[in-house]
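Peer 1: For reference, this is target.pdb, and it has PDB, C-alpha atoms.
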MODEL        1
ATOM      1  CA  MET A 270      40.758-103.989 -66.530  1.00  0.00           C
ATOM      2  CA  ILE A 271      41.108-102.363 -63.102  1.00  0.00           C
ATOM      3  CA  HIS A 272      42.619-104.498 -60.354  1.00  0.00           C
ATOM      4  CA  SER A 273      43.662-103.889 -56.809  1.00  0.00           C
ATOM      5  CA  GLU A 274      47.139-102.398 -56.656  1.00  0.00           C
ATOM      6  CA  GLY A 275      49.726-105.064 -57.413  1.00  0.00           C
ATOM      7  CA  VAL A 276      47.237-107.748 -58.481  1.00  0.00           C
ATOM      8  CA  THR A 277      47.809-109.181 -61.945  1.00  0.00           C
ATOM      9  CA  THR A 278      45.036-110.240 -64.296  1.00  0.00           C
ATOM     10  CA  ARG A 279      46.140-113.837 -63.666  1.00  0.00           C
ATOM     11  CA  GLN A 280      45.768-113.444 -59.890  1.00  0.00           C
ATOM     12  CA  ALA A 281      42.381-111.758 -60.298  1.00  0.00           C
ATOM     13  CA  ILE A 282      41.220-114.724 -62.414  1.00  0.00           C
ATOM     14  CA  LEU A 283      42.473-117.223 -59.823  1.00  0.00           C
ATOM     15  CA  ASP A 284      40.818-115.302 -56.972  1.00  0.00           C
ATOM     16  CA  LYS A 285      37.508-115.252 -58.877  1.00  0.00           C
ATOM     17  CA  LEU A 286      37.769-118.974 -59.702  1.00  0.00           C
ATOM     18  CA  LYS A 287      38.266-119.674 -55.997  1.00  0.00           C
ATOM     19  CA  SER A 288      35.188-117.659 -55.089  1.00  0.00           C
ATOM     20  CA  LEU A 289      33.166-119.451 -57.803  1.00  0.00           C
ATOM     21  CA  MET A 290      34.232-122.838 -56.400  1.00  0.00           C
ATOM     22  CA  GLU A 291      33.242-121.693 -52.919  1.00  0.00           C
ATOM     23  CA  GLU A 292      29.777-120.979 -54.368  1.00  0.00           C
ATOM     24  CA  VAL A 293      29.308-124.370 -56.047  1.00  0.00           C
ATOM     25  CA  ALA A 294      26.119-125.668 -54.541  1.00  0.00           C
ATOM     26  CA  ASP A 295      23.670-128.475 -55.019  1.00  0.00           C
ATOM     27  CA  ASP A 296      19.945-128.040 -55.721  1.00  0.00           C
ATOM     28  CA  SER A 297      19.172-127.334 -52.052  1.00  0.00           C
ATOM     29  CA  SER A 298      21.888-124.634 -51.870  1.00  0.00           C
ATOM     30  CA  ASN A 299      24.137-126.745 -49.678  1.00  0.00           C
ATOM     31  CA  PHE A 300      27.743-125.951 -50.443  1.00  0.00           C
ATOM     32  CA  ILE A 301      29.616-128.963 -51.732  1.00  0.00           C
ATOM     33  CA  PHE A 302      33.233-128.230 -50.883  1.00  0.00           C
ATOM     34  CA  LYS A 303      34.467-128.351 -47.318  1.00  0.00           C
ATOM     35  CA  GLN A 304      37.812-126.917 -48.428  1.00  0.00           C
ATOM     36  CA  VAL A 305      38.895-124.827 -51.431  1.00  0.00           C
ATOM     37  CA  GLU A 306      42.580-124.006 -51.902  1.00  0.00           C
ATOM     38  CA  LEU A 307      43.858-121.616 -54.527  1.00  0.00           C
ATOM     39  CA  THR A 308      47.229-123.234 -55.069  1.00  0.00           C
ATOM     40  CA  LYS A 309      48.370-126.771 -54.579  1.00  0.00           C
ATOM     41  CA  THR A 310      51.937-126.546 -53.387  1.00  0.00           C
ATOM     42  CA  ALA A 311      52.129-130.062 -51.943  1.00  0.00           C
ATOM     43  CA  PRO A 312      49.713-132.974 -51.856  1.00  0.00           C
ATOM     44  CA  PRO A 313      47.426-132.611 -48.845  1.00  0.00           C
ATOM     45  CA  ASP A 314      47.289-135.376 -46.268  1.00  0.00           C
ATOM     46  CA  ILE A 315      44.404-137.633 -47.286  1.00  0.00           C
ATOM     47  CA  GLU A 316      43.807-138.464 -43.622  1.00  0.00           C
ATOM     48  CA  THR A 317      43.199-134.832 -42.611  1.00  0.00           C
ATOM     49  CA  VAL A 318      41.757-133.010 -45.619  1.00  0.00           C
ATOM     50  CA  PRO A 319      37.979-132.563 -45.305  1.00  0.00           C
ATOM     51  CA  LEU A 320      36.166-134.044 -48.310  1.00  0.00           C
ATOM     52  CA  PRO A 321      34.986-133.090 -50.792  1.00  0.00           C
ATOM     53  CA  ALA A 322      37.875-130.705 -51.377  1.00  0.00           C
ATOM     54  CA  CYS A 323      38.879-128.521 -54.317  1.00  0.00           C
ATOM     55  CA  PHE A 324      42.383-127.439 -55.351  1.00  0.00           C
ATOM     56  CA  ILE A 325      42.994-124.853 -58.065  1.00  0.00           C
ATOM     57  CA  TYR A 326      46.384-124.620 -59.693  1.00  0.00           C
ATOM     58  CA  THR A 327      47.890-123.180 -62.826  1.00  0.00           C
ATOM     59  CA  ASP A 328      49.432-124.885 -65.786  1.00  0.00           C
ATOM     60  CA  ARG A 329      51.048-123.716 -68.998  1.00  0.00           C
ATOM     61  CA  GLU A 330      50.459-120.351 -70.650  1.00  0.00           C
ATOM     62  CA  TYR A 331      51.108-119.149 -74.209  1.00  0.00           C
ATOM     63  CA  ARG A 332      51.006-115.752 -75.821  1.00  0.00           C
ATOM     64  CA  LEU A 333      48.639-115.752 -78.789  1.00  0.00           C
ATOM     65  CA  GLU A 334      49.776-114.029 -81.946  1.00  0.00           C
ATOM     66  CA  GLU A 335      46.784-114.956 -84.083  1.00  0.00           C
ATOM     67  CA  GLU A 336      45.491-112.150 -86.270  1.00  0.00           C
ATOM     68  CA  ASP A 337      41.838-112.852 -85.495  1.00  0.00           C
ATOM     69  CA  ARG A 338      42.459-112.290 -81.766  1.00  0.00           C
ATOM     70  CA  ALA A 339      44.702-109.263 -82.112  1.00  0.00           C
ATOM     71  CA  THR A 340      43.717-106.145 -80.200  1.00  0.00           C
ATOM     72  CA  ILE A 341      45.649-102.896 -80.483  1.00  0.00           C
ATOM     73  CA  SER A 342      47.884-102.253 -77.451  1.00  0.00           C
ATOM     74  CA  LYS A 343      46.899-105.555 -75.821  1.00  0.00           C
ATOM     75  CA  GLU A 344      48.596-108.899 -75.220  1.00  0.00           C
ATOM     76  CA  THR A 345      46.397-111.987 -75.531  1.00  0.00           C
ATOM     77  CA  TRP A 346      47.193-115.121 -73.533  1.00  0.00           C
ATOM     78  CA  GLU A 347      45.990-118.701 -73.592  1.00  0.00           C
ATOM     79  CA  TRP A 348      46.312-120.148 -70.091  1.00  0.00           C
ATOM     80  CA  TYR A 349      45.440-123.545 -68.682  1.00  0.00           C
ATOM     81  CA  VAL A 350      44.137-123.884 -65.144  1.00  0.00           C
ATOM     82  CA  THR A 351      43.291-127.154 -63.421  1.00  0.00           C
ATOM     83  CA  ILE A 352      40.571-127.612 -60.843  1.00  0.00           C
ATOM     84  CA  GLU A 353      41.240-130.805 -58.916  1.00  0.00           C
ATOM     85  CA  VAL A 354      38.495-132.337 -56.806  1.00  0.00           C
ATOM     86  CA  TRP A 355      38.853-135.067 -54.185  1.00  0.00           C
ATOM     87  CA  ALA A 356      35.660-136.830 -53.158  1.00  0.00           C
ATOM     88  CA  ALA A 357      33.926-140.148 -52.777  1.00  0.00           C
ATOM     89  CA  TYR A 358      33.579-141.801 -56.178  1.00  0.00           C
ATOM     90  CA  GLU A 359      29.812-141.477 -56.390  1.00  0.00           C
ATOM     91  CA  GLU A 360      29.951-137.692 -55.908  1.00  0.00           C
ATOM     92  CA  LEU A 361      32.297-136.846 -58.782  1.00  0.00           C
ATOM     93  CA  GLU A 362      29.818-136.722 -61.664  1.00  0.00           C
ATOM     94  CA  ALA A 363      27.438-134.460 -59.732  1.00  0.00           C
ATOM     95  CA  ILE A 364      30.293-132.167 -58.697  1.00  0.00           C
ATOM     96  CA  LEU A 365      31.558-132.032 -62.300  1.00  0.00           C
ATOM     97  CA  LYS A 366      28.064-130.996 -63.395  1.00  0.00           C
ATOM     98  CA  PHE A 367      27.943-128.151 -60.835  1.00  0.00           C
ATOM     99  CA  ILE A 368      31.442-126.886 -61.687  1.00  0.00           C
ATOM    100  CA  HIS A 369      30.789-127.064 -65.426  1.00  0.00           C
ATOM    101  CA  LYS A 370      27.596-125.023 -65.079  1.00  0.00           C
ATOM    102  CA  LYS A 371      29.118-122.498 -62.666  1.00  0.00           C
ATOM    103  CA  ILE A 372      32.015-121.692 -64.979  1.00  0.00           C
ATOM    104  CA  TYR A 373      29.865-121.882 -68.124  1.00  0.00           C
ATOM    105  CA  ASP A 374      27.541-119.294 -66.549  1.00  0.00           C
ATOM    106  CA  ASN A 375      30.589-117.183 -65.605  1.00  0.00           C
ATOM    107  CA  TYR A 376      32.748-117.820 -68.666  1.00  0.00           C
ATOM    108  CA  THR A 377      34.454-114.396 -68.397  1.00  0.00           C
ATOM    109  CA  ILE A 378      35.525-115.196 -64.814  1.00  0.00           C
ATOM    110  CA  GLY A 379      34.218-111.939 -63.374  1.00  0.00           C
ATOM    111  CA  ASN A 380      35.098-110.025 -66.567  1.00  0.00           C
ATOM    112  CA  TYR A 381      38.824-110.678 -66.060  1.00  0.00           C
ATOM    113  CA  ALA A 382      38.959-113.172 -68.943  1.00  0.00           C
ATOM    114  CA  ASN A 383      37.631-113.088 -72.485  1.00  0.00           C
ATOM    115  CA  TRP A 384      36.395-116.632 -72.042  1.00  0.00           C
ATOM    116  CA  ALA A 385      36.992-119.891 -70.251  1.00  0.00           C
ATOM    117  CA  SER A 386      36.052-123.326 -71.500  1.00  0.00           C
ATOM    118  CA  ARG A 387      36.477-126.814 -70.148  1.00  0.00           C
ATOM    119  CA  VAL A 388      38.829-128.846 -72.320  1.00  0.00           C
ATOM    120  CA  GLY A 389      38.855-132.133 -70.459  1.00  0.00           C
ATOM    121  CA  VAL A 390      38.705-134.107 -67.265  1.00  0.00           C
ATOM    122  CA  ASP A 391      40.830-136.960 -65.936  1.00  0.00           C
ATOM    123  CA  PHE A 392      39.640-139.312 -63.193  1.00  0.00           C
ATOM    124  CA  LEU A 393      42.139-140.839 -60.770  1.00  0.00           C
ATOM    125  CA  THR A 394      41.980-143.146 -57.756  1.00  0.00           C
ATOM    126  CA  ILE A 395      43.462-141.675 -54.579  1.00  0.00           C
ATOM    127  CA  ASP A 396      42.531-144.316 -52.005  1.00  0.00           C
ATOM    128  CA  SER A 397      40.622-147.340 -53.290  1.00  0.00           C
ATOM    129  CA  ALA A 398      40.159-148.754 -49.773  1.00  0.00           C
ATOM    130  CA  HIS A 399      38.142-145.666 -48.792  1.00  0.00           C
ATOM    131  CA  ASP A 400      36.494-145.120 -52.197  1.00  0.00           C
ATOM    132  CA  ILE A 401      38.217-141.738 -52.597  1.00  0.00           C
ATOM    133  CA  GLU A 402      38.646-140.573 -56.161  1.00  0.00           C
ATOM    134  CA  SER A 403      39.942-137.455 -57.819  1.00  0.00           C
ATOM    135  CA  MET A 404      39.193-135.583 -60.992  1.00  0.00           C
ATOM    136  CA  ALA A 405      41.402-132.999 -62.625  1.00  0.00           C
ATOM    137  CA  ILE A 406      39.299-130.638 -64.738  1.00  0.00           C
ATOM    138  CA  SER A 407      41.290-128.656 -67.297  1.00  0.00           C
ATOM    139  CA  TYR A 408      40.147-125.196 -68.345  1.00  0.00           C
ATOM    140  CA  ARG A 409      41.482-123.090 -71.200  1.00  0.00           C
ATOM    141  CA  ILE A 410      41.285-119.411 -70.338  1.00  0.00           C
ATOM    142  CA  ILE A 411      41.864-116.603 -72.821  1.00  0.00           C
ATOM    143  CA  TYR A 412      42.606-113.195 -71.340  1.00  0.00           C
ATOM    144  CA  ARG A 413      44.105-109.874 -72.379  1.00  0.00           C
ATOM    145  CA  HIS A 414      45.907-107.063 -70.693  1.00  0.00           C
ATOM    146  CA  THR A 415      47.641-103.873 -71.776  1.00  0.00           C
ATOM    147  CA  LEU A 416      51.013-104.434 -73.422  1.00  0.00           C
ATOM    148  CA  GLY A 417      53.670-104.881 -70.764  1.00  0.00           C
ATOM    149  CA  SER A 418      51.227-104.534 -67.875  1.00  0.00           C
ATOM    150  CA  MET A 419      50.066-107.843 -66.474  1.00  0.00           C
TER     151      MET A 419
ENDMDL
END
Re-express the file's structure as C-alpha cells.
Peer 2:
Amino acid sequence: MIHSEGVTTRQAILDKLKSLMEEVADDSSNFIFKQVELTKTAPPDIETVPLPACFIYTDREYRLEEEDRATISKETWEWYVTIEVWAAYEELEAILKFIHKKIYDNYTIGNYANWASRVGVDFLTIDSAHDIESMAISYRIIYRHTLGSM
C-alpha cells in the first residue's frame, strides 16, 4: 500500500472514513452532516455544534496471528473504529441506513483495509429536552501492512 510520506495505514483509513462520511447523502443528494470530525478529543458543546454531526474515533486494536489470515511479510490487524452521530431522534435510523450502505459499498475503505464490517450500534440520549440523540456505530476493520512498517 502506497501512502503519502509519513502517513500510516491507520491514518489513511481514518482519512478515507472521514471523506466517506462527508459524502453520506440522502436520496436527493443533500449531504446529511453539517460537521464531520476525525477525532473526538473532548465532547463538543451541544449548544454550538451544528446537527446532524459525525465524530470518528478509534478504539482497541489487536494483532491477528490466525493461520488462515497469515500473509508472508505482512502484519494483520483487527481494529475497532466508532462513528458517533448526533442528531434529532427521528433522523437516526435514516442516517444509520446511509452510513451502513456507504461503508458496505466501500468495505475496503479506499483499498487501505482488507474489509470493514459493522458490528453494532448503541443509541444514547444527549438532550431529551431538545430531542437530541446519539448513536455510536462500531466497525471492525481488518488491515495489513508490511512487517514493521505501519
Peer 1: Name the residues within 10 Å of (42.0, -141.8, -59.7), counting only C-alpha atoms in the file's coordinates, and put them as a PyMOL selection string.
Peer 2: chain A and resi 355+358+391-397+400-405
Peer 1: May I ask for the distance between CA of Thr327 in chain A and CA of Thr351 in chain A, given in Å to one decimal place?
Peer 2: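 Rounded to one decimal, the two atoms are 6.1 Å apart.
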Peer 1: Between CA of Ile364 in chain A and CA of Pro313 in chain A, what is the distance, to one decimal in Å?
Peer 2: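 Distance reported for this atom pair: 19.8 Å.
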Peer 1: If I take CA of Val354 in chain A and CA of Met290 in chain A, how far is one from the other in Å, to one decimal?
Peer 2: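 That distance, rounded to one decimal, is 10.4 Å.
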Peer 1: On this structure, the PyMOL selection byres ((chain A and resi 375) around 12) would catch which residues? List them as a list in words, sorted by chain and number.
Peer 2: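 That expression, the PyMOL selection byres ((chain A and resi 375) around 12), corresponds here to Ile282, Lys285, Leu286, Ser288, Leu289, Met290, Glu292, Ile368, His369, Lys370, Lys371, Ile372, Tyr373, Asp374, Tyr376, Thr377, Ile378, Gly379, Asn380, Tyr381, Ala382, Asn383, Trp384, Ala385, Ser386 and Ile410 of chain A.
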Peer 1: When the PyMOL selection byres ((chain A and resi 409) around 8) is applied to the file above, which residues end up in the set, as number ranges by chain?
Peer 2: A: 347-350, 385-388, 407-408, 410-411
Peer 1: Do you know which residues are at most 7 Å from Lys303 in chain A counting only C-alpha atoms, after dropping those on the same chain fewer than 6 positions away, and could you put them as a PDB file with C-alpha atoms, in the coordinates of the input?
Peer 2:
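The result, written out as part-v4.pdb:
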ATOM      1  CA  PRO A 319      37.979-132.563 -45.305  1.00  0.00           C
ATOM      2  CA  LEU A 320      36.166-134.044 -48.310  1.00  0.00           C
ATOM      3  CA  PRO A 321      34.986-133.090 -50.792  1.00  0.00           C
ATOM      4  CA  ALA A 322      37.875-130.705 -51.377  1.00  0.00           C
TER       5      ALA A 322
END
Peer 1: Using all atoms listed in the file, determine which residues lie at most 8 Å from Arg332 in chain A, disregarding the query and same-chain residues fewer than 4 positions distant; provide the list as a PyMOL selection string.
Peer 2: chain A and resi 344-347
Peer 1: Would you put the residues from that selection into a file with C-alpha atoms, as a tab-separated table (two decimals), keeping the file's coordinate frame?
Peer 2:
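File produced: result_14.tsv:
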chain	number	residue	atom	x	y	z
A	344	GLU	CA	48.60	-108.90	-75.22
A	345	THR	CA	46.40	-111.99	-75.53
A	346	TRP	CA	47.19	-115.12	-73.53
A	347	GLU	CA	45.99	-118.70	-73.59
Peer 1: Of the candidates A:Ile406, A:Gly389, A:Ala357, A:Phe367, which one gets nearest to Ser298 in chain A if we count only C-alpha atoms?
Peer 2: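 Closest to Ser298 in chain A, using only C-alpha atoms: A:Phe367.
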Peer 1: Could you tell me which of A:Lys287, A:Arg279, A:Lys343, A:Lys366 comes closest to Asp328 in chain A if we count only C-alpha atoms?
Peer 2: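 When distances to Asp328 in chain A are compared using only C-alpha atoms, the smallest one comes from A:Arg279.
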Peer 1: Find the residue from A:Cys323, A:Leu416, A:Thr317, A:Leu361 that sits nearest to Val390 in chain A; use only C-alpha atoms when measuring.
Peer 2: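 Using only C-alpha atoms, Val390 in chain A sits closest to A:Leu361.
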Peer 1: I need the residue nearest Glu360 in chain A from this list: A:Phe302, A:Glu334, A:Glu316, A:Thr310. Use only C-alpha atoms for the distance.
Peer 2: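 When distances to Glu360 in chain A are compared using only C-alpha atoms, the smallest one comes from A:Phe302.
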Peer 1: Extending 4 Å beyond the listed atoms of range 320-330 of chain A on each side, what axis-aligned box results? I want centre and edge lengths in Å to one decimal, as JSON.
Peer 2:
{"center_x": 43.0, "center_y": -127.2, "center_z": -59.5, "size_x": 24.1, "size_y": 21.7, "size_z": 30.3}
Peer 1: For Ser342 in chain A, which of A:Val276, A:Ser418, A:His399, A:Ala281 is the closest residue, counting all atoms listed in the file?
Peer 2: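 When distances to Ser342 in chain A are compared using all atoms listed in the file, the smallest one comes from A:Ser418.
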